[in-house]
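Source file upload_36.txt; content: compact mmCIF, C-alpha atoms and all ligand atoms.
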```
# COMPACT_ATOMS: atom_id res chain seq x y z
CA MET A 1 13.23 -22.20 8.12
CA LYS A 2 13.42 -20.83 4.62
CA ALA A 3 13.65 -17.02 4.24
CA VAL A 4 14.39 -14.41 1.58
CA ARG A 5 17.12 -12.16 2.90
CA LEU A 6 18.63 -8.94 1.63
CA HIS A 7 22.40 -8.72 2.11
CA GLU A 8 25.03 -6.00 1.75
CA GLY A 9 25.50 -4.98 -1.88
CA ALA A 10 21.82 -5.38 -2.87
CA GLN A 11 22.05 -9.19 -2.86
CA VAL A 12 18.76 -11.09 -2.44
CA ARG A 13 19.19 -14.72 -1.35
CA VAL A 14 16.79 -17.52 -0.48
CA GLU A 15 18.41 -19.29 2.46
CA GLU A 16 17.99 -21.36 5.62
CA VAL A 17 17.89 -19.30 8.82
CA PRO A 18 17.04 -20.21 12.44
CA ASP A 19 13.33 -20.14 13.33
CA PRO A 20 12.35 -16.92 15.13
CA VAL A 21 11.18 -17.29 18.73
CA ALA A 22 8.10 -15.53 20.16
CA GLY A 23 9.53 -13.46 23.03
CA PRO A 24 7.47 -11.90 25.83
CA GLY A 25 4.54 -9.94 24.36
CA GLU A 26 5.11 -11.47 20.91
CA VAL A 27 3.36 -13.94 18.66
CA ARG A 28 4.93 -16.06 15.95
CA VAL A 29 3.05 -16.31 12.67
CA ALA A 30 3.40 -19.11 10.12
CA VAL A 31 3.25 -16.94 6.97
CA ARG A 32 0.74 -18.12 4.35
CA ALA A 33 0.94 -15.17 1.95
CA ALA A 34 3.15 -12.11 1.55
CA GLY A 35 2.63 -9.18 -0.80
CA ILE A 36 5.50 -7.64 -2.75
CA CYS A 37 5.42 -3.84 -2.61
CA GLY A 38 7.39 -1.28 -4.62
CA THR A 39 9.24 -0.44 -1.41
CA ASP A 40 10.69 -3.98 -1.34
CA LEU A 41 11.98 -3.38 -4.82
CA HIS A 42 13.62 -0.06 -3.86
CA ALA A 43 15.27 -1.81 -0.91
CA ALA A 44 16.42 -4.77 -3.02
CA HIS A 45 17.93 -2.44 -5.61
CA GLY A 46 19.78 -0.39 -3.00
CA ARG A 47 17.70 2.75 -3.57
CA LEU A 48 16.56 2.92 0.05
CA PRO A 49 18.74 2.81 3.13
CA VAL A 50 18.12 -0.48 4.97
CA PRO A 51 19.17 -0.17 8.63
CA LYS A 52 19.45 -3.90 9.37
CA LEU A 53 21.49 -6.13 7.05
CA PRO A 54 21.10 -8.95 6.40
CA VAL A 55 17.34 -8.68 6.86
CA VAL A 56 14.42 -10.94 6.01
CA MET A 57 12.54 -8.87 3.40
CA GLY A 58 8.83 -8.00 3.18
CA HIS A 59 6.29 -5.92 5.12
CA GLU A 60 2.98 -7.31 3.82
CA GLY A 61 1.86 -10.65 5.20
CA ALA A 62 -0.85 -12.84 6.68
CA GLY A 63 -0.85 -16.28 8.23
CA VAL A 64 -1.65 -18.38 11.27
CA ILE A 65 -0.32 -17.93 14.80
CA ASP A 66 1.90 -20.91 15.64
CA ALA A 67 3.49 -19.73 18.91
CA VAL A 68 2.38 -17.30 21.61
CA GLY A 69 4.90 -15.53 23.87
CA GLU A 70 4.61 -14.86 27.58
CA GLY A 71 2.03 -12.26 28.61
CA VAL A 72 0.09 -12.17 25.34
CA ALA A 73 -3.69 -11.96 25.78
CA GLY A 74 -6.33 -12.15 23.08
CA PHE A 75 -4.48 -14.38 20.61
CA ALA A 76 -4.13 -18.15 20.51
CA MET A 77 -2.44 -20.84 18.43
CA GLY A 78 -4.21 -21.33 15.13
CA ASP A 79 -5.67 -17.80 14.91
CA ARG A 80 -5.71 -16.34 11.39
CA VAL A 81 -4.08 -12.91 11.41
CA LEU A 82 -2.76 -10.20 9.15
CA LEU A 83 0.46 -8.38 9.94
CA LEU A 84 0.88 -4.63 10.25
CA PRO A 85 3.79 -3.39 8.11
CA SER A 86 5.70 -1.81 10.99
CA GLU A 87 6.27 -2.02 14.69
CA THR A 88 5.21 1.26 16.32
CA CYS A 89 6.22 2.59 19.78
CA GLY A 90 2.69 2.61 21.21
CA ASP A 91 3.60 5.62 23.31
CA CYS A 92 3.83 8.78 21.16
CA ASP A 93 0.98 11.19 20.30
CA ALA A 94 0.46 9.50 16.91
CA CYS A 95 0.29 6.01 18.42
CA ARG A 96 -2.07 7.17 21.17
CA ALA A 97 -4.30 8.65 18.45
CA GLY A 98 -4.13 5.31 16.62
CA HIS A 99 -2.34 6.87 13.61
CA LEU A 100 0.14 4.08 12.87
CA GLY A 101 1.64 5.88 9.86
CA LEU A 102 2.88 8.88 11.84
CA CYS A 103 4.83 7.18 14.66
CA PRO A 104 8.36 8.64 14.47
CA GLN A 105 9.77 5.44 16.06
CA ALA A 106 8.11 3.08 13.55
CA ARG A 107 10.33 0.17 12.54
CA ILE A 108 9.20 -1.20 9.22
CA LEU A 109 9.29 -4.97 8.74
CA GLY A 110 11.79 -6.11 6.14
CA MET A 111 13.95 -3.01 6.70
CA ALA A 112 14.48 -2.29 10.40
CA ARG A 113 13.45 -5.78 11.58
CA ASP A 114 12.94 -9.17 9.96
CA GLY A 115 9.94 -9.26 7.64
CA THR A 116 7.35 -11.46 5.99
CA PHE A 117 9.26 -13.21 3.16
CA ALA A 118 9.84 -16.24 5.40
CA GLU A 119 8.09 -19.35 6.64
CA ARG A 120 7.71 -17.77 10.10
CA ILE A 121 7.92 -14.31 11.67
CA ALA A 122 7.82 -13.20 15.33
CA VAL A 123 6.32 -9.77 16.06
CA PRO A 124 4.79 -7.92 19.04
CA ALA A 125 1.15 -8.96 19.43
CA THR A 126 0.22 -5.30 18.74
CA CYS A 127 1.43 -5.87 15.15
CA VAL A 128 -1.24 -8.41 14.21
CA LEU A 129 -4.97 -8.09 13.62
CA PRO A 130 -7.51 -10.94 13.39
CA LEU A 131 -8.21 -11.99 9.79
CA PRO A 132 -11.85 -13.05 9.29
CA GLU A 133 -12.43 -16.54 7.78
CA GLY A 134 -13.91 -15.20 4.57
CA ILE A 135 -10.79 -13.25 3.57
CA PRO A 136 -8.10 -15.30 1.78
CA PHE A 137 -4.55 -14.98 3.17
CA GLU A 138 -3.35 -13.26 -0.02
CA HIS A 139 -5.91 -10.49 0.47
CA GLY A 140 -5.11 -10.33 4.19
CA ALA A 141 -1.49 -9.75 3.22
CA ILE A 142 -2.24 -6.56 1.26
CA LEU A 143 -5.02 -5.03 3.39
CA ALA A 144 -2.59 -3.42 5.84
CA ASP A 145 -0.51 -1.76 3.13
CA ALA A 146 -1.82 -1.33 -0.41
CA VAL A 147 -5.48 -1.13 0.62
CA ALA A 148 -5.52 0.73 3.96
CA THR A 149 -3.05 3.35 2.67
CA ALA A 150 -5.39 4.04 -0.24
CA TYR A 151 -8.39 4.17 2.11
CA HIS A 152 -6.76 6.84 4.33
CA ALA A 153 -6.03 8.99 1.26
CA VAL A 154 -9.44 8.56 -0.37
CA ALA A 155 -11.83 8.44 2.59
CA THR A 156 -10.11 10.57 5.21
CA ARG A 157 -7.65 12.96 3.60
CA ALA A 158 -9.66 13.60 0.42
CA GLY A 159 -12.97 12.99 2.21
CA ILE A 160 -14.52 11.90 -1.07
CA GLY A 161 -18.24 12.29 -0.95
CA GLY A 162 -21.00 11.06 -3.19
CA GLY A 163 -21.18 12.68 -6.59
CA GLU A 164 -17.62 13.99 -6.72
CA ARG A 165 -15.39 13.69 -9.77
CA VAL A 166 -12.05 12.06 -8.97
CA ALA A 167 -8.77 11.47 -10.77
CA VAL A 168 -6.05 9.09 -9.59
CA ILE A 169 -2.50 9.70 -10.86
CA GLY A 170 -0.26 6.65 -10.44
CA CYS A 171 -2.37 3.50 -10.73
CA GLY A 172 -0.01 0.84 -9.36
CA GLY A 173 -0.80 -1.24 -6.27
CA VAL A 174 -2.03 1.60 -4.03
CA GLY A 175 -3.56 3.71 -6.83
CA TYR A 176 -5.52 0.70 -8.14
CA HIS A 177 -7.13 0.33 -4.71
CA ALA A 178 -7.76 4.09 -4.53
CA ILE A 179 -9.88 3.70 -7.68
CA LEU A 180 -11.86 0.80 -6.17
CA LEU A 181 -12.40 2.74 -2.94
CA ALA A 182 -13.38 6.01 -4.66
CA ARG A 183 -16.07 4.03 -6.51
CA LEU A 184 -17.18 2.35 -3.31
CA LEU A 185 -17.49 5.74 -1.55
CA GLY A 186 -19.79 7.02 -4.26
CA ALA A 187 -17.53 9.06 -6.57
CA LYS A 188 -19.47 10.20 -9.62
CA SER A 189 -16.54 9.40 -11.92
CA VAL A 190 -12.94 8.23 -11.60
CA VAL A 191 -10.28 9.02 -14.19
CA ALA A 192 -7.11 6.89 -14.15
CA VAL A 193 -3.83 8.58 -15.07
CA ASP A 194 -0.63 6.59 -15.57
CA ALA A 195 2.33 6.33 -17.94
CA SER A 196 1.91 2.56 -18.29
CA PRO A 197 -0.73 1.17 -20.70
CA GLY A 198 -0.84 -1.99 -18.54
CA ALA A 199 -1.67 -0.01 -15.41
CA LEU A 200 -4.44 1.81 -17.31
CA ARG A 201 -5.82 -1.54 -18.47
CA ARG A 202 -5.93 -2.76 -14.85
CA ALA A 203 -7.53 0.56 -13.82
CA ALA A 204 -10.27 -0.02 -16.39
CA GLU A 205 -10.84 -3.46 -14.84
CA ALA A 206 -11.26 -1.64 -11.49
CA GLU A 207 -14.01 0.34 -13.28
CA ALA A 208 -12.24 3.63 -13.85
CA ASP A 209 -14.46 5.63 -16.26
CA GLY A 210 -11.68 7.13 -18.29
CA SER A 211 -7.95 6.92 -18.69
CA VAL A 212 -5.25 9.43 -19.56
CA ASP A 213 -1.64 8.80 -20.58
CA ALA A 214 0.39 10.78 -18.02
CA ARG A 215 3.17 11.38 -20.55
CA ALA A 216 0.94 13.09 -23.12
CA ASP A 217 1.70 16.78 -23.75
CA ASP A 218 -1.89 17.73 -23.10
CA ALA A 219 -2.38 15.45 -20.06
CA ARG A 220 -3.83 18.36 -18.06
CA LYS A 221 -6.46 19.06 -20.69
CA ALA A 222 -7.18 15.37 -21.14
CA ILE A 223 -7.79 14.92 -17.39
CA ARG A 224 -10.13 17.94 -17.35
CA ARG A 225 -11.99 16.70 -20.42
CA ALA A 226 -12.34 13.18 -18.98
CA ALA A 227 -13.65 14.62 -15.71
CA GLY A 228 -16.22 16.74 -17.48
CA GLY A 229 -14.58 20.03 -18.41
CA ALA A 230 -14.05 21.92 -15.15
CA GLY A 231 -11.61 19.32 -13.84
CA PRO A 232 -11.85 16.74 -11.06
CA ASP A 233 -12.97 17.87 -7.59
CA VAL A 234 -10.29 15.62 -6.13
CA VAL A 235 -6.98 14.44 -7.59
CA ILE A 236 -5.11 11.72 -5.71
CA GLU A 237 -1.43 11.26 -6.52
CA PHE A 238 0.41 8.00 -5.84
CA ALA A 239 3.36 8.31 -8.20
CA GLY A 240 5.59 10.35 -5.89
CA ARG A 241 7.03 12.44 -8.73
CA LYS A 242 7.46 16.20 -9.15
CA ALA A 243 5.76 16.17 -12.57
CA SER A 244 2.74 14.19 -11.41
CA VAL A 245 2.11 16.36 -8.32
CA GLU A 246 2.33 19.45 -10.52
CA LEU A 247 -0.04 17.80 -13.01
CA ALA A 248 -2.46 17.10 -10.14
CA ILE A 249 -2.42 20.75 -9.01
CA ALA A 250 -2.78 22.03 -12.58
CA SER A 251 -5.74 19.81 -13.43
CA VAL A 252 -7.87 19.94 -10.25
CA ALA A 253 -11.07 22.00 -10.38
CA ARG A 254 -11.36 25.41 -8.72
CA GLY A 255 -11.85 24.86 -4.99
CA GLY A 256 -10.63 21.26 -5.34
CA ARG A 257 -8.38 19.04 -3.24
CA VAL A 258 -5.12 17.38 -4.22
CA VAL A 259 -4.03 14.50 -1.98
CA VAL A 260 -0.43 13.35 -2.38
CA GLY A 261 0.32 9.84 -1.16
CA GLY A 262 3.34 9.12 -3.36
CA VAL A 263 6.65 9.43 -1.53
CA GLY A 264 9.96 10.42 -3.10
CA MET A 265 12.88 12.83 -3.00
CA GLU A 266 11.65 15.23 -5.71
CA ALA A 267 10.37 18.73 -4.84
CA PRO A 268 7.24 19.85 -6.75
CA GLN A 269 6.54 23.57 -7.22
CA LEU A 270 3.38 25.45 -6.45
CA PRO A 271 1.88 27.57 -9.25
CA PRO A 272 2.06 31.38 -8.88
CA LEU A 273 -0.01 32.32 -5.83
CA VAL A 274 -2.47 34.25 -7.96
CA ALA A 275 -3.46 30.89 -9.46
CA PHE A 276 -2.93 28.66 -6.41
CA VAL A 277 -4.75 30.92 -3.95
CA GLY A 278 -7.04 32.35 -6.60
CA ARG A 279 -8.33 28.87 -7.42
CA GLU A 280 -8.38 27.98 -3.68
CA ILE A 281 -6.67 24.64 -4.04
CA ALA A 282 -5.92 22.41 -1.05
CA VAL A 283 -2.83 20.20 -1.23
CA LEU A 284 -2.64 17.50 1.44
CA GLY A 285 -0.08 14.82 2.21
CA SER A 286 -1.36 11.35 3.12
CA MET A 287 0.75 8.87 5.06
CA GLY A 288 -0.26 5.43 6.27
CA TYR A 289 -3.56 5.04 8.09
CA THR A 290 -5.14 4.62 11.51
CA ARG A 291 -5.98 1.36 13.25
CA ALA A 292 -9.69 2.23 12.92
CA GLU A 293 -9.29 2.68 9.14
CA LEU A 294 -7.52 -0.67 8.87
CA GLU A 295 -10.35 -2.32 10.80
CA ARG A 296 -12.78 -0.64 8.40
CA VAL A 297 -11.07 -2.03 5.26
CA VAL A 298 -10.93 -5.49 6.85
CA GLU A 299 -14.69 -5.22 7.41
CA LEU A 300 -15.28 -3.99 3.83
CA ALA A 301 -13.32 -6.97 2.49
CA ALA A 302 -15.00 -9.45 4.87
CA THR A 303 -18.48 -8.36 3.84
CA GLY A 304 -17.56 -8.47 0.16
CA ARG A 305 -18.33 -4.78 -0.40
CA LEU A 306 -14.69 -4.27 -1.37
CA ASP A 307 -13.92 -6.70 -4.18
CA LEU A 308 -10.22 -7.60 -4.16
CA SER A 309 -10.54 -10.37 -6.77
CA GLY A 310 -8.42 -8.38 -9.24
CA SER A 311 -5.75 -7.32 -6.74
CA ILE A 312 -3.34 -10.27 -6.86
CA THR A 313 -2.09 -10.52 -10.41
CA ALA A 314 0.59 -13.20 -9.92
CA ARG A 315 1.44 -15.81 -7.29
CA HIS A 316 4.84 -17.35 -6.62
CA PRO A 317 6.32 -19.76 -4.08
CA LEU A 318 8.71 -18.24 -1.50
CA GLU A 319 11.78 -19.60 -3.33
CA ALA A 320 10.80 -17.61 -6.44
CA ALA A 321 10.95 -14.23 -4.65
CA PRO A 322 14.02 -13.02 -6.62
CA GLN A 323 12.20 -13.79 -9.89
CA ALA A 324 9.02 -12.11 -8.62
CA LEU A 325 11.00 -8.97 -7.67
CA ASP A 326 12.48 -8.94 -11.16
CA ASP A 327 8.99 -9.32 -12.71
CA LEU A 328 7.80 -6.35 -10.65
CA ALA A 329 10.86 -4.28 -11.64
CA HIS A 330 10.04 -4.85 -15.31
CA ARG A 331 6.27 -4.69 -14.73
CA ARG A 332 5.87 -8.07 -16.46
CA GLY A 333 2.19 -9.07 -16.50
CA ASP A 334 1.02 -5.51 -15.59
CA PRO A 335 1.14 -6.23 -11.87
CA VAL A 336 -1.23 -4.77 -9.29
CA ARG A 337 0.19 -6.88 -6.45
CA LEU A 338 2.37 -10.00 -6.68
CA ALA A 339 2.04 -12.44 -3.82
CA LEU A 340 4.33 -15.07 -2.38
CA VAL A 341 2.11 -17.97 -1.38
CA LEU A 342 3.22 -20.57 1.16
CA GLU A 343 1.68 -24.00 1.75
CA ALA A 344 0.22 -24.80 5.16
CA PRO A 345 3.04 -26.39 7.22
ZN ZN B 1 4.50 -1.28 1.08
ZN ZN B 2 4.65 5.86 18.27
```
Any chance you could give the structure as structure tokens?
Amino acid sequence: MKAVRLHEGAQVRVEEVPDPVAGPGEVRVAVRAAGICGTDLHAAHGRLPVPKLPVVMGHEGAGVIDAVGEGVAGFAMGDRVLLLPSETCGDCDACRAGHLGLCPQARILGMARDGTFAERIAVPATCVLPLPEGIPFEHGAILADAVATAYHAVATRAGIGGGERVAVIGCGGVGYHAILLARLLGAKSVVAVDASPGALRRAAEAEADGSVDARADDARKAIRRAAGGAGPDVVIEFAGRKASVELAIASVARGGRVVVGGVGMEAPQLPPLVAFVGREIAVLGSMGYTRAELERVVELAATGRLDLSGSITARHPLEAAPQALDDLAHRRGDPVRLALVLEAP
């Protein structure tokens, strides 16, 4: 089969590899769409350690089951499914609680095991979820990463309720969906904050009420003004930068919540305690999501309540993955999510 593999020395190659086999407890999926995430880019550029090389890239995907291994119940040939981005142990406290993002043994597809940028992928049956007929494969591919991650941050960690004023800092793939979901959950207003004019344009398409250039000297004031003076009740950060987390803490309203979902190596600073405690600010990390939350976003997409029609901003065939990665690196076309789309075999 054809696959996009990452080799030693940050080399991405489209090549022929043997078809994977569905072992005991596994299913094999004929991939129909795969999403390209910023993490793939970090891996391809050598900015993230990749434990298995060469490796088939990609951790977002959806397709059709084309082989079922021994002992698998509940799935059959021809079933439409979406893939979870990592294989989890199933046995730790996090897994037992259904919190897929917190399993310490998680092996992410495309990094620790072969991923979705291929014609076929074999994974444990616990790593797939049924994909309802009404959801296109390209939306199925991003539900278990860009959408569910945003849902966990917005619905669960921030607990956004009706009538709250929200700001989202970092409006790329995950942040874009955080805006859609904040609206869906009844936020009174959503301010988009990003350094890229293209990302702010996409955020406006997702019906953000206001936008703020994150690089502006008075970004803090601008966020407060856009949120109505006292500042947003909730600020959600998806940029993973020291400056943007500090901006989130500085601009949130008294008694507000800051949810940080952006991951990186930088170390933000808290304000002096007289301000941090005095304004009673909560700062919460947000990682991954639970199986129940993923099922919820699948349901929201299936019923049409969550409109993902603006989520896929470019489509490429599998062979064009290196070009698509380069487009994402240079943010050509103001991407929300780029998808690799494969014909039915
Ligand atoms: Zn991802
Ligand atoms: Zn686990």
Each chain A residue no farther than 8 Å from ligand ZN 2 (chain B), nearest pair in Å, all atoms listed in the file, as CSV:
```
residue,atom,partner,partner_atom,distance
A:Thr88,CA,B:ZN2,ZN,5.0
A:Cys89,CA,B:ZN2,ZN,3.9
A:Gly90,CA,B:ZN2,ZN,4.8
A:Asp91,CA,B:ZN2,ZN,5.2
A:Cys92,CA,B:ZN2,ZN,4.2
A:Asp93,CA,B:ZN2,ZN,6.8
A:Ala94,CA,B:ZN2,ZN,5.7
A:Cys95,CA,B:ZN2,ZN,4.4
A:Arg96,CA,B:ZN2,ZN,7.4
A:Leu100,CA,B:ZN2,ZN,7.3
A:Leu102,CA,B:ZN2,ZN,7.3
A:Cys103,CA,B:ZN2,ZN,3.8
A:Pro104,CA,B:ZN2,ZN,6.0
A:Gln105,CA,B:ZN2,ZN,5.6
A:Ala106,CA,B:ZN2,ZN,6.5
```
Measure the distance from atom CA of A:Leu143 to atom CA of A:Met77 in Å and round it to one decimal.
22.0 Å
Show me, as a PyMOL selection string, the residues that have an atom within 12 Å of A:Pro272 when counting all atoms listed in the file, minus same-chain residues fewer than 5 positions from it.
chain A and resi 249-250+277-279
Residues of stretch 229-321 of chain A within 10 Å of stretch 33-41 of chain A: nearest atom pair and distance (Å, one decimal) for each, counting only C-alpha atoms, sorted by chain and number, as CSV?
```
residue,atom,partner,partner_atom,distance
A:Ile312,CA,A:Gly35,CA,8.6
A:Arg315,CA,A:Ala33,CA,9.3
A:His316,CA,A:Ala33,CA,9.7
A:Pro317,CA,A:Ala33,CA,9.3
A:Leu318,CA,A:Ala34,CA,8.8
A:Ala321,CA,A:Ile36,CA,8.8
```
Which chains and residue numbers are within 12 Å of ligand ZN 1 (chain B), counting all atoms listed in the file, if I want them as JSON, numbers by chain?
{"A": [34, 35, 36, 37, 38, 39, 40, 41, 42, 43, 57, 58, 59, 60, 61, 84, 85, 86, 101, 108, 109, 110, 111, 115, 116, 141, 142, 143, 144, 145, 146, 147, 148, 149, 150, 172, 173, 174, 262, 263, 287, 288, 337, 338]}
Grab the atom CA of A:Val168 to atom CA of A:Asp218 distance for me, in Å with one decimal place.
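That distance, rounded to one decimal, is 16.6 Å.
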Between atom CA of A:Gly261 and atom CA of A:Ala214, what is the distance, to one decimal in Å?
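Atom-to-atom, atom CA of A:Gly261 to atom CA of A:Ala214, that is 16.9 Å.
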Quick one: of A:Glu205, A:Ile179, A:Arg225, A:Ala253, who's nearest to A:Glu237, counting all atoms listed in the file?
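Looking only at the distances to A:Glu237, the closest residue turns out to be A:Ile179.
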For A:Val50, the closest of A:His7, A:Arg224, A:Arg305, A:Arg165 counting all atoms listed in the file is A:His7
Select, from A:Phe137, A:Phe117, A:Phe238, A:Phe276, the residue with the minimum atom-to-atom distance to A:Tyr176, counting all atoms listed in the file.
A:Phe238
Using all atoms listed in the file for the distances, tell me which of A:Gly78, A:Gly71, A:Pro49, A:Gly240 is nearest to A:Ala30.
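Ranked by minimum distance to A:Ala30, first place goes to A:Gly78.
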With a distance cut-off of 10 Å and only C-alpha atoms, select the neighbouring residues of A:Asp19, excluding the residue or stretch itself and same-chain residues fewer than 4 positions from it, and output the selection as an NGL selection string.
:A and (1-3 or 28 or 118-122)
For each of A:Ala203, A:Ile65, A:Val212, A:Leu83, take the minimum atom-to-atom distance to A:Ala178, counting all atoms listed in the file, then give the residue where this is smallest.
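The answer is A:Ala203, which sits nearest to A:Ala178.
By all atoms listed in the file, and with residues fewer than 2 positions from A:Ala267 along its chain excluded, the set lying at most 10 Å from it is Gly240, Arg241, Lys242, Ala243, Val245, Glu246, Gly264, Met265, Gln269 and Leu270 of chain A.
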From (-12.9, -15.6, 5.2), in the file's coordinates, out to 10 Å: which residues are reached, counting only C-alpha atoms? Answer as a list of chain:residue names.
A:Arg80, A:Leu131, A:Pro132, A:Glu133, A:Gly134, A:Ile135, A:Pro136, A:Phe137, A:His139, A:Gly140, A:Ala301, A:Ala302, A:Thr303, A:Gly304
Find, counting only C-alpha atoms, the residue in A:Glu16, A:Glu207, A:Glu343, A:Asp114 that gets nearest to A:Leu53.
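The answer is A:Asp114, which sits nearest to A:Leu53.
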Selection as an MDAnalysis selection string: residues within 8 Å of (17.6, -5.8, -5.6), counting only C-alpha atoms:
chainID A and resid 6 10:12 41:46 325
For stretch 139-145 of chain A, take all atoms listed in the file, fit an axis-aligned box around them, add 3 Å to each of the six sides, then output centre and edge lengths in Å rounded to one decimal, as lines of an AutoDock Vina configuration file.
```
center_x = -3.2
center_y = -6.1
center_z = 3.2
size_x = 11.4
size_y = 14.7
size_z = 11.4
```
Could you give me, as number ranges by chain, the residues within 7 Å of A:Ala167, counting only C-alpha atoms and dropping anything in the same chain fewer than 5 positions from it?
A: 190-192, 232, 234-236
What would stretch 222-236 of chain A look like with N, CA and C atoms restored, written as a PDB file, in the frame of the given file?
```
ATOM      1  N   ALA A 222      -6.520  16.670 -21.021  1.00  0.00           N
ATOM      2  CA  ALA A 222      -7.180  15.370 -21.140  1.00  0.00           C
ATOM      3  C   ALA A 222      -7.855  14.966 -19.830  1.00  0.00           C
ATOM      4  N   ILE A 223      -7.191  15.249 -18.701  1.00  0.00           N
ATOM      5  CA  ILE A 223      -7.790  14.920 -17.390  1.00  0.00           C
ATOM      6  C   ILE A 223      -9.061  15.750 -17.201  1.00  0.00           C
ATOM      7  N   ARG A 224      -8.961  17.055 -17.515  1.00  0.00           N
ATOM      8  CA  ARG A 224     -10.130  17.940 -17.350  1.00  0.00           C
ATOM      9  C   ARG A 224     -11.297  17.493 -18.232  1.00  0.00           C
ATOM     10  N   ARG A 225     -10.946  17.140 -19.478  1.00  0.00           N
ATOM     11  CA  ARG A 225     -11.990  16.700 -20.420  1.00  0.00           C
ATOM     12  C   ARG A 225     -12.647  15.424 -19.890  1.00  0.00           C
ATOM     13  N   ALA A 226     -11.810  14.467 -19.455  1.00  0.00           N
ATOM     14  CA  ALA A 226     -12.340  13.180 -18.980  1.00  0.00           C
ATOM     15  C   ALA A 226     -13.209  13.361 -17.743  1.00  0.00           C
ATOM     16  N   ALA A 227     -12.877  14.400 -16.937  1.00  0.00           N
ATOM     17  CA  ALA A 227     -13.650  14.620 -15.710  1.00  0.00           C
ATOM     18  C   ALA A 227     -14.854  15.531 -15.954  1.00  0.00           C
ATOM     19  N   GLY A 228     -15.026  15.959 -17.184  1.00  0.00           N
ATOM     20  CA  GLY A 228     -16.220  16.740 -17.480  1.00  0.00           C
ATOM     21  C   GLY A 228     -15.984  18.236 -17.595  1.00  0.00           C
ATOM     22  N   GLY A 229     -14.781  18.637 -18.058  1.00  0.00           N
ATOM     23  CA  GLY A 229     -14.580  20.030 -18.410  1.00  0.00           C
ATOM     24  C   GLY A 229     -13.919  20.887 -17.347  1.00  0.00           C
ATOM     25  N   ALA A 230     -14.575  21.018 -16.184  1.00  0.00           N
ATOM     26  CA  ALA A 230     -14.050  21.920 -15.150  1.00  0.00           C
ATOM     27  C   ALA A 230     -12.910  21.291 -14.361  1.00  0.00           C
ATOM     28  N   GLY A 231     -12.679  20.015 -14.576  1.00  0.00           N
ATOM     29  CA  GLY A 231     -11.610  19.320 -13.840  1.00  0.00           C
ATOM     30  C   GLY A 231     -12.173  18.526 -12.678  1.00  0.00           C
ATOM     31  N   PRO A 232     -11.386  17.571 -12.186  1.00  0.00           N
ATOM     32  CA  PRO A 232     -11.850  16.740 -11.060  1.00  0.00           C
ATOM     33  C   PRO A 232     -11.924  17.556  -9.768  1.00  0.00           C
ATOM     34  N   ASP A 233     -12.879  17.232  -8.911  1.00  0.00           N
ATOM     35  CA  ASP A 233     -12.970  17.870  -7.590  1.00  0.00           C
ATOM     36  C   ASP A 233     -11.818  17.426  -6.706  1.00  0.00           C
ATOM     37  N   VAL A 234     -11.369  16.191  -6.929  1.00  0.00           N
ATOM     38  CA  VAL A 234     -10.290  15.620  -6.130  1.00  0.00           C
ATOM     39  C   VAL A 234      -9.300  14.924  -7.055  1.00  0.00           C
ATOM     40  N   VAL A 235      -8.014  15.203  -6.882  1.00  0.00           N
ATOM     41  CA  VAL A 235      -6.980  14.440  -7.590  1.00  0.00           C
ATOM     42  C   VAL A 235      -6.098  13.780  -6.534  1.00  0.00           C
ATOM     43  N   ILE A 236      -5.927  12.463  -6.660  1.00  0.00           N
ATOM     44  CA  ILE A 236      -5.110  11.720  -5.710  1.00  0.00           C
ATOM     45  C   ILE A 236      -3.856  11.243  -6.428  1.00  0.00           C
TER      46      ILE A 236
END
```
